[in-house]
file model_33.csv (CSV, C-alpha atoms)
chain,number,residue,atom,x,y,z
Q,1,MET,CA,-52.9,-113.4,4.4
Q,2,GLY,CA,-53.9,-113.8,8.0
Q,3,ASN,CA,-53.7,-117.3,9.4
Q,4,VAL,CA,-53.1,-119.0,6.0
Q,5,PRO,CA,-50.6,-121.8,6.6
Q,6,SER,CA,-47.0,-121.1,5.4
Q,7,ALA,CA,-47.1,-123.8,2.8
Q,8,VAL,CA,-50.2,-122.3,1.2
Q,9,LYS,CA,-48.6,-118.8,1.4
Q,10,HIS,CA,-45.6,-120.1,-0.6
Q,11,CYS,CA,-47.9,-121.7,-3.1
Q,12,LEU,CA,-49.9,-118.6,-3.6
Q,13,SER,CA,-46.7,-116.5,-3.8
Q,14,TYR,CA,-45.4,-118.7,-6.6
Q,15,GLN,CA,-48.7,-118.6,-8.5
Q,16,GLN,CA,-48.6,-114.8,-8.3
Q,17,LEU,CA,-45.0,-114.9,-9.6
Q,18,LEU,CA,-46.1,-117.1,-12.5
Q,19,ARG,CA,-49.1,-114.9,-13.4
Q,20,GLU,CA,-47.1,-111.7,-13.2
Q,21,HIS,CA,-43.8,-112.7,-14.9
Q,22,LEU,CA,-44.0,-115.8,-17.1
Q,23,TRP,CA,-46.5,-114.4,-19.6
Q,24,ILE,CA,-44.0,-112.1,-21.2
Q,25,GLY,CA,-40.8,-112.6,-23.2
Q,26,ASP,CA,-38.9,-109.6,-21.9
Q,27,SER,CA,-36.3,-109.9,-19.2
Q,28,VAL,CA,-37.8,-109.5,-15.7
Q,29,ALA,CA,-35.7,-108.0,-13.0
Q,30,GLY,CA,-35.6,-109.5,-9.5
Q,31,ALA,CA,-37.5,-112.8,-9.2
Q,32,LEU,CA,-36.4,-114.3,-12.5
Q,33,ASP,CA,-32.8,-113.0,-12.5
Q,34,LEU,CA,-31.7,-116.2,-10.8
Q,35,ALA,CA,-33.2,-118.3,-13.6
Q,36,GLN,CA,-31.4,-116.2,-16.2
Q,37,GLU,CA,-28.1,-116.6,-14.4
Q,38,SER,CA,-28.7,-120.4,-14.1
Q,39,SER,CA,-29.4,-120.6,-17.9
Q,40,HIS,CA,-26.2,-118.8,-18.7
Q,41,SER,CA,-24.1,-121.0,-16.4
Q,42,SER,CA,-25.7,-124.2,-17.8
Q,43,GLY,CA,-24.7,-123.3,-21.4
Q,44,LEU,CA,-28.2,-122.5,-22.6
Q,45,PRO,CA,-28.5,-119.8,-25.3
Q,46,GLU,CA,-29.5,-116.3,-24.1
Q,47,TYR,CA,-32.0,-115.9,-26.9
Q,48,VAL,CA,-34.2,-118.5,-28.6
Q,49,LYS,CA,-36.0,-117.8,-31.9
Q,50,VAL,CA,-39.4,-119.4,-31.9
Q,51,VAL,CA,-40.7,-120.2,-35.4
Q,52,GLU,CA,-44.4,-120.4,-35.5
Q,53,VAL,CA,-45.7,-123.1,-38.0
Q,54,GLY,CA,-49.3,-123.2,-37.0
Q,55,PRO,CA,-50.9,-121.3,-40.0
Q,56,ARG,CA,-49.6,-123.9,-42.5
Q,57,ASP,CA,-48.1,-127.0,-40.8
Q,58,GLY,CA,-50.7,-126.8,-38.1
Q,59,LEU,CA,-53.8,-126.2,-40.1
Q,60,GLN,CA,-53.0,-128.6,-43.0
Q,61,ASN,CA,-54.0,-131.6,-40.8
Q,62,GLU,CA,-57.4,-130.2,-39.8
Q,63,LYS,CA,-60.4,-132.0,-41.3
Q,64,ILE,CA,-62.2,-128.8,-42.0
Q,65,ILE,CA,-61.1,-126.2,-44.6
Q,66,VAL,CA,-60.3,-123.0,-42.8
Q,67,PRO,CA,-61.7,-119.9,-44.7
Q,68,THR,CA,-59.0,-117.5,-46.0
Q,69,ASP,CA,-60.3,-114.6,-44.0
Q,70,VAL,CA,-60.0,-116.7,-40.8
Q,71,LYS,CA,-56.4,-117.7,-41.7
Q,72,ILE,CA,-55.5,-114.0,-42.4
Q,73,GLU,CA,-56.9,-113.0,-39.0
Q,74,PHE,CA,-55.1,-115.8,-37.3
Q,75,ILE,CA,-51.8,-114.7,-38.9
Q,76,ASN,CA,-52.5,-111.1,-38.0
Q,77,GLN,CA,-53.0,-112.0,-34.4
Q,78,LEU,CA,-49.8,-114.1,-34.4
Q,79,SER,CA,-47.9,-111.1,-35.9
Q,80,GLN,CA,-48.9,-109.1,-32.8
Q,81,THR,CA,-47.3,-111.5,-30.3
Q,82,GLY,CA,-43.6,-110.7,-30.9
Q,83,LEU,CA,-43.0,-113.9,-32.9
Q,84,SER,CA,-40.4,-112.9,-35.5
Q,85,VAL,CA,-40.9,-115.8,-37.9
Q,86,ILE,CA,-44.2,-117.5,-39.1
Q,87,GLU,CA,-43.4,-120.3,-41.6
Q,88,VAL,CA,-43.2,-124.1,-42.3
Q,89,THR,CA,-40.7,-126.9,-42.4
Q,90,SER,CA,-40.3,-130.3,-44.2
Q,91,PHE,CA,-39.7,-133.9,-43.3
Q,92,VAL,CA,-37.0,-136.4,-44.4
Q,93,SER,CA,-36.1,-139.9,-43.3
Q,94,SER,CA,-33.9,-139.9,-40.2
Q,95,LYS,CA,-31.2,-142.2,-41.8
Q,96,TRP,CA,-30.5,-139.5,-44.4
Q,97,VAL,CA,-30.5,-136.5,-42.0
Q,98,PRO,CA,-26.7,-136.0,-41.6
Q,99,GLN,CA,-26.0,-136.4,-45.3
Q,100,VAL,CA,-28.9,-134.2,-46.4
Q,101,CYS,CA,-28.0,-131.5,-43.8
Q,102,LYS,CA,-24.4,-131.5,-45.1
Q,103,ARG,CA,-25.6,-131.2,-48.7
Q,104,LEU,CA,-28.1,-128.4,-47.9
Q,105,TYR,CA,-25.6,-126.5,-45.9
Q,106,GLY,CA,-23.1,-126.9,-48.7
Q,107,MET,CA,-25.6,-125.5,-51.1
Q,108,GLY,CA,-25.9,-122.4,-49.1
Q,109,CYS,CA,-29.0,-123.1,-46.9
Q,110,TYR,CA,-28.7,-120.8,-43.9
Q,111,GLU,CA,-31.0,-122.8,-41.7
Q,112,ILE,CA,-31.9,-126.5,-41.6
Q,113,SER,CA,-34.8,-127.7,-39.4
Q,114,LEU,CA,-34.5,-131.2,-38.0
Q,115,GLY,CA,-38.1,-132.6,-37.8
Q,116,ASP,CA,-39.5,-135.3,-35.6
Q,117,THR,CA,-42.9,-135.2,-37.3
Q,118,ILE,CA,-44.2,-138.4,-35.9
Q,119,GLY,CA,-43.1,-137.5,-32.4
Q,120,VAL,CA,-41.3,-140.7,-31.4
Q,121,GLY,CA,-38.0,-139.1,-30.4
Q,122,THR,CA,-36.6,-139.0,-26.9
Q,123,PRO,CA,-33.9,-136.8,-25.3
Q,124,GLY,CA,-31.5,-139.6,-25.9
Q,125,SER,CA,-32.3,-140.0,-29.6
Q,126,MET,CA,-32.2,-136.2,-30.0
Q,127,ARG,CA,-28.8,-136.0,-28.4
Q,128,ARG,CA,-27.5,-138.8,-30.6
Q,129,LEU,CA,-28.9,-137.2,-33.8
Q,130,LEU,CA,-27.5,-133.8,-33.0
Q,131,ALA,CA,-24.1,-135.2,-32.2
Q,132,CYS,CA,-24.0,-136.7,-35.7
Q,133,VAL,CA,-25.4,-133.7,-37.5
Q,134,LEU,CA,-23.2,-131.2,-35.6
Q,135,LYS,CA,-20.2,-133.0,-37.1
Q,136,GLU,CA,-21.4,-131.8,-40.5
Q,137,VAL,CA,-23.2,-128.5,-39.8
Q,138,PRO,CA,-22.6,-125.8,-37.2
Q,139,GLN,CA,-25.2,-125.4,-34.5
Q,140,GLY,CA,-26.0,-121.8,-35.7
Q,141,ALA,CA,-27.5,-123.3,-38.9
Q,142,LEU,CA,-29.8,-125.8,-37.2
Q,143,ALA,CA,-33.3,-125.7,-35.8
Q,144,VAL,CA,-35.5,-128.4,-34.3
Q,145,HIS,CA,-39.2,-129.2,-35.0
Q,146,CYS,CA,-40.7,-131.6,-32.5
Q,147,HIS,CA,-44.2,-133.1,-32.3
Q,148,ASP,CA,-45.6,-134.2,-29.0
Q,149,THR,CA,-47.2,-137.6,-29.8
Q,150,TYR,CA,-45.4,-139.3,-26.9
Q,151,GLY,CA,-45.2,-136.2,-24.7
Q,152,GLN,CA,-41.5,-135.8,-25.3
Q,153,ALA,CA,-41.4,-132.6,-27.2
Q,154,LEU,CA,-40.4,-130.1,-24.5
Q,155,ALA,CA,-37.8,-132.6,-23.1
Q,156,ASN,CA,-36.3,-133.0,-26.6
Q,157,ILE,CA,-36.3,-129.2,-27.1
Q,158,LEU,CA,-34.5,-128.7,-23.8
Q,159,THR,CA,-31.9,-131.3,-24.9
Q,160,ALA,CA,-31.4,-129.4,-28.2
Q,161,LEU,CA,-31.0,-126.1,-26.3
Q,162,GLN,CA,-28.4,-127.6,-24.0
Q,163,MET,CA,-26.5,-128.6,-27.2
Q,164,GLY,CA,-26.5,-125.1,-28.5
Q,165,ILE,CA,-29.5,-125.0,-30.8
Q,166,ASN,CA,-31.5,-121.7,-30.4
Q,167,VAL,CA,-34.1,-122.0,-33.1
Q,168,VAL,CA,-37.3,-123.9,-32.3
Q,169,ASP,CA,-40.4,-124.6,-34.3
Q,170,SER,CA,-43.8,-124.7,-32.6
Q,171,ALA,CA,-47.5,-124.3,-33.4
Q,172,VAL,CA,-50.0,-122.3,-31.4
Q,173,SER,CA,-52.4,-124.6,-29.5
Q,174,GLY,CA,-50.3,-127.6,-30.5
Q,175,LEU,CA,-52.0,-127.6,-34.0
Q,176,GLY,CA,-51.1,-130.2,-36.6
Q,177,GLY,CA,-50.3,-133.9,-36.9
Q,178,CYS,CA,-48.6,-136.1,-39.4
Q,179,PRO,CA,-50.2,-137.6,-42.5
Q,180,TYR,CA,-47.6,-140.4,-42.4
Q,181,ALA,CA,-48.4,-141.7,-39.0
Q,182,LYS,CA,-51.9,-142.5,-37.8
Q,183,GLY,CA,-52.7,-141.1,-34.4
Q,184,ALA,CA,-49.6,-138.8,-34.4
Q,185,SER,CA,-50.5,-135.6,-32.5
Q,186,GLY,CA,-49.5,-132.1,-33.3
Q,187,ASN,CA,-46.5,-129.8,-33.0
Q,188,VAL,CA,-45.3,-128.8,-29.6
Q,189,ALA,CA,-47.6,-126.0,-28.4
Q,190,THR,CA,-46.1,-122.5,-28.7
Q,191,GLU,CA,-47.7,-121.5,-25.4
Q,192,ASP,CA,-46.0,-124.4,-23.6
Q,193,LEU,CA,-42.7,-123.7,-25.2
Q,194,ILE,CA,-42.8,-120.0,-24.4
Q,195,TYR,CA,-43.8,-120.8,-20.8
Q,196,MET,CA,-40.8,-123.2,-20.4
Q,197,LEU,CA,-38.4,-120.7,-22.0
Q,198,ASN,CA,-39.6,-117.9,-19.8
Q,199,GLY,CA,-39.1,-120.1,-16.8
Q,200,LEU,CA,-35.6,-120.8,-17.9
Q,201,GLY,CA,-34.9,-117.1,-18.1
Q,202,LEU,CA,-34.4,-117.2,-21.8
Q,203,ASN,CA,-35.3,-114.3,-24.0
Q,204,THR,CA,-37.8,-114.8,-26.9
Q,205,GLY,CA,-39.5,-111.4,-27.2
Q,206,VAL,CA,-42.8,-113.2,-27.3
Q,207,ASP,CA,-45.9,-112.2,-25.3
Q,208,LEU,CA,-47.4,-115.5,-24.0
Q,209,HIS,CA,-50.8,-114.0,-23.2
Q,210,LYS,CA,-51.2,-112.8,-26.8
Q,211,VAL,CA,-50.2,-116.2,-28.1
Q,212,MET,CA,-52.9,-117.8,-26.0
Q,213,GLU,CA,-55.4,-115.3,-27.4
Q,214,ALA,CA,-54.5,-116.3,-30.9
Q,215,GLY,CA,-54.7,-119.9,-30.0
Q,216,ASP,CA,-58.1,-119.5,-28.5
Q,217,PHE,CA,-59.3,-117.7,-31.7
Q,218,ILE,CA,-58.1,-120.5,-34.1
Q,219,CYS,CA,-59.4,-123.3,-31.8
Q,220,LYS,CA,-62.9,-121.7,-31.9
Q,221,ALA,CA,-62.6,-121.3,-35.6
Q,222,VAL,CA,-61.8,-125.0,-36.2
Q,223,ASN,CA,-64.1,-126.2,-33.4
Q,224,LYS,CA,-61.4,-128.0,-31.3
Q,225,THR,CA,-59.9,-127.9,-27.9
Q,226,THR,CA,-56.4,-126.5,-27.4
Q,227,ASN,CA,-53.6,-129.1,-26.9
Q,228,SER,CA,-51.6,-126.5,-24.9
Q,229,LYS,CA,-51.3,-127.4,-21.2
Q,230,VAL,CA,-50.5,-123.8,-20.4
Q,231,ALA,CA,-53.6,-122.5,-22.1
Q,232,GLN,CA,-55.8,-125.2,-20.6
Q,233,ALA,CA,-54.6,-124.4,-17.1
Q,234,SER,CA,-54.9,-120.6,-17.6
Q,235,PHE,CA,-58.4,-120.6,-19.2
Q,236,ASN,CA,-59.7,-123.0,-16.5
Q,237,ALA,CA,-58.1,-121.1,-13.6
call {"tool": "encode", "arguments": {"input": "model_33.csv", "output": "structure tokens"}}
result
Amino acid sequence: MGNVPSAVKHCLSYQQLLREHLWIGDSVAGALDLAQESSHSSGLPEYVKVVEVGPRDGLQNEKIIVPTDVKIEFINQLSQTGLSVIEVTSFVSSKWVPQVCKRLYGMGCYEISLGDTIGVGTPGSMRRLLACVLKEVPQGALAVHCHDTYGQALANILTALQMGINVVDSAVSGLGGCPYAKGASGNVATEDLIYMLNGLGLNTGVDLHKVMEAGDFICKAVNKTTNSKVAQASFNA
């Protein structure tokens, strides 16, 4: 790099690391091994299942009707990213969450997703909620569904991961909203979630670059700008 200052060299080296390694969900030897070791020692799960809810929960809040062929192509593109599950979740009043979870688990439900669909939760409230629910339902039967209205979604998800939850809902490009709360923004962006999980050294099996391509496709189809910070930074780089 010639006479480039050392601080800039470090910055460039880090950018190169991100571009080469944080796009994929597979384990990367060398540079990211330290992150993986750190995640194991901190009690984070080794594998996180990302549940993509964009095709239904994300698009249902759009003002325009998305043609069926566009939805099919959107889902087809998502199916090529490594995402193992593409589905939806539901909402229930927070005061009934522990009781409803216990009832659903008792009825044989194998997975219960705890949803903050208006996006007002914080890491503190997430921790308190999970502490209550985990008294009734084992962590292996729980998932979290966080909207990003107040910019807390990734922090809330990280809190859930630290408490043993390893299933997380998200929507490509941060699609969605909440019909019950005016101004509520969409789900946490799948791109941003995968980027964070890759940075933590956690395995998802998801190709971030392909997720961003699917997000770019659907955003153009519904004529909107992506809500993903990772996609914005990448496409504008």
call {"tool": "atom_distance", "arguments": {"input": "model_33.csv", "atom1": "CA of Thr149 (chain Q)", "atom2": "CA of Gly119 (chain Q)"}}
result
4.9 Å
call {"tool": "closest_residue", "arguments": {"input": "model_33.csv", "among": "Q:Thr226, Q:Ser170, Q:Asn236, Q:Gln162", "to": "Leu44 (chain Q)", "atoms": "all atoms listed in the file"}}
result
Q:Gln162
call {"tool": "atom_distance", "arguments": {"input": "model_33.csv", "atom1": "CA of Ile218 (chain Q)", "atom2": "CA of Phe74 (chain Q)"}}
result
6.4 Å
call {"tool": "residues_around", "arguments": {"input": "model_33.csv", "residues": "Leu59 (chain Q)", "least_positions_apart": "2", "cutoff": "12 Å", "atoms": "only C-alpha atoms", "output": "PDB file with C-alpha atoms, in the frame of the given file"}}
result
ATOM      1  CA  GLU Q  52     -44.400-120.400 -35.500  1.00  0.00           C
ATOM      2  CA  VAL Q  53     -45.700-123.100 -38.000  1.00  0.00           C
ATOM      3  CA  GLY Q  54     -49.300-123.200 -37.000  1.00  0.00           C
ATOM      4  CA  PRO Q  55     -50.900-121.300 -40.000  1.00  0.00           C
ATOM      5  CA  ARG Q  56     -49.600-123.900 -42.500  1.00  0.00           C
ATOM      6  CA  ASP Q  57     -48.100-127.000 -40.800  1.00  0.00           C
ATOM      7  CA  ASN Q  61     -54.000-131.600 -40.800  1.00  0.00           C
ATOM      8  CA  GLU Q  62     -57.400-130.200 -39.800  1.00  0.00           C
ATOM      9  CA  LYS Q  63     -60.400-132.000 -41.300  1.00  0.00           C
ATOM     10  CA  ILE Q  64     -62.200-128.800 -42.000  1.00  0.00           C
ATOM     11  CA  ILE Q  65     -61.100-126.200 -44.600  1.00  0.00           C
ATOM     12  CA  VAL Q  66     -60.300-123.000 -42.800  1.00  0.00           C
ATOM     13  CA  PRO Q  67     -61.700-119.900 -44.700  1.00  0.00           C
ATOM     14  CA  THR Q  68     -59.000-117.500 -46.000  1.00  0.00           C
ATOM     15  CA  VAL Q  70     -60.000-116.700 -40.800  1.00  0.00           C
ATOM     16  CA  LYS Q  71     -56.400-117.700 -41.700  1.00  0.00           C
ATOM     17  CA  PHE Q  74     -55.100-115.800 -37.300  1.00  0.00           C
ATOM     18  CA  ILE Q  75     -51.800-114.700 -38.900  1.00  0.00           C
ATOM     19  CA  VAL Q  88     -43.200-124.100 -42.300  1.00  0.00           C
ATOM     20  CA  ALA Q 171     -47.500-124.300 -33.400  1.00  0.00           C
ATOM     21  CA  VAL Q 172     -50.000-122.300 -31.400  1.00  0.00           C
ATOM     22  CA  SER Q 173     -52.400-124.600 -29.500  1.00  0.00           C
ATOM     23  CA  GLY Q 174     -50.300-127.600 -30.500  1.00  0.00           C
ATOM     24  CA  LEU Q 175     -52.000-127.600 -34.000  1.00  0.00           C
ATOM     25  CA  GLY Q 176     -51.100-130.200 -36.600  1.00  0.00           C
ATOM     26  CA  GLY Q 177     -50.300-133.900 -36.900  1.00  0.00           C
ATOM     27  CA  CYS Q 178     -48.600-136.100 -39.400  1.00  0.00           C
ATOM     28  CA  GLY Q 186     -49.500-132.100 -33.300  1.00  0.00           C
ATOM     29  CA  ASN Q 187     -46.500-129.800 -33.000  1.00  0.00           C
ATOM     30  CA  GLY Q 215     -54.700-119.900 -30.000  1.00  0.00           C
ATOM     31  CA  ILE Q 218     -58.100-120.500 -34.100  1.00  0.00           C
ATOM     32  CA  CYS Q 219     -59.400-123.300 -31.800  1.00  0.00           C
ATOM     33  CA  ALA Q 221     -62.600-121.300 -35.600  1.00  0.00           C
ATOM     34  CA  VAL Q 222     -61.800-125.000 -36.200  1.00  0.00           C
ATOM     35  CA  LYS Q 224     -61.400-128.000 -31.300  1.00  0.00           C
TER      36      LYS Q 224
END
call {"tool": "closest_residue", "arguments": {"input": "model_33.csv", "among": "Q:Val97, Q:Leu78, Q:Leu200, Q:Ile86", "to": "Asp169 (chain Q)", "atoms": "only C-alpha atoms"}}
result
Q:Ile86
call {"tool": "atom_distance", "arguments": {"input": "model_33.csv", "atom1": "CA of Cys109 (chain Q)", "atom2": "CA of Ile194 (chain Q)"}}
result
26.6 Å
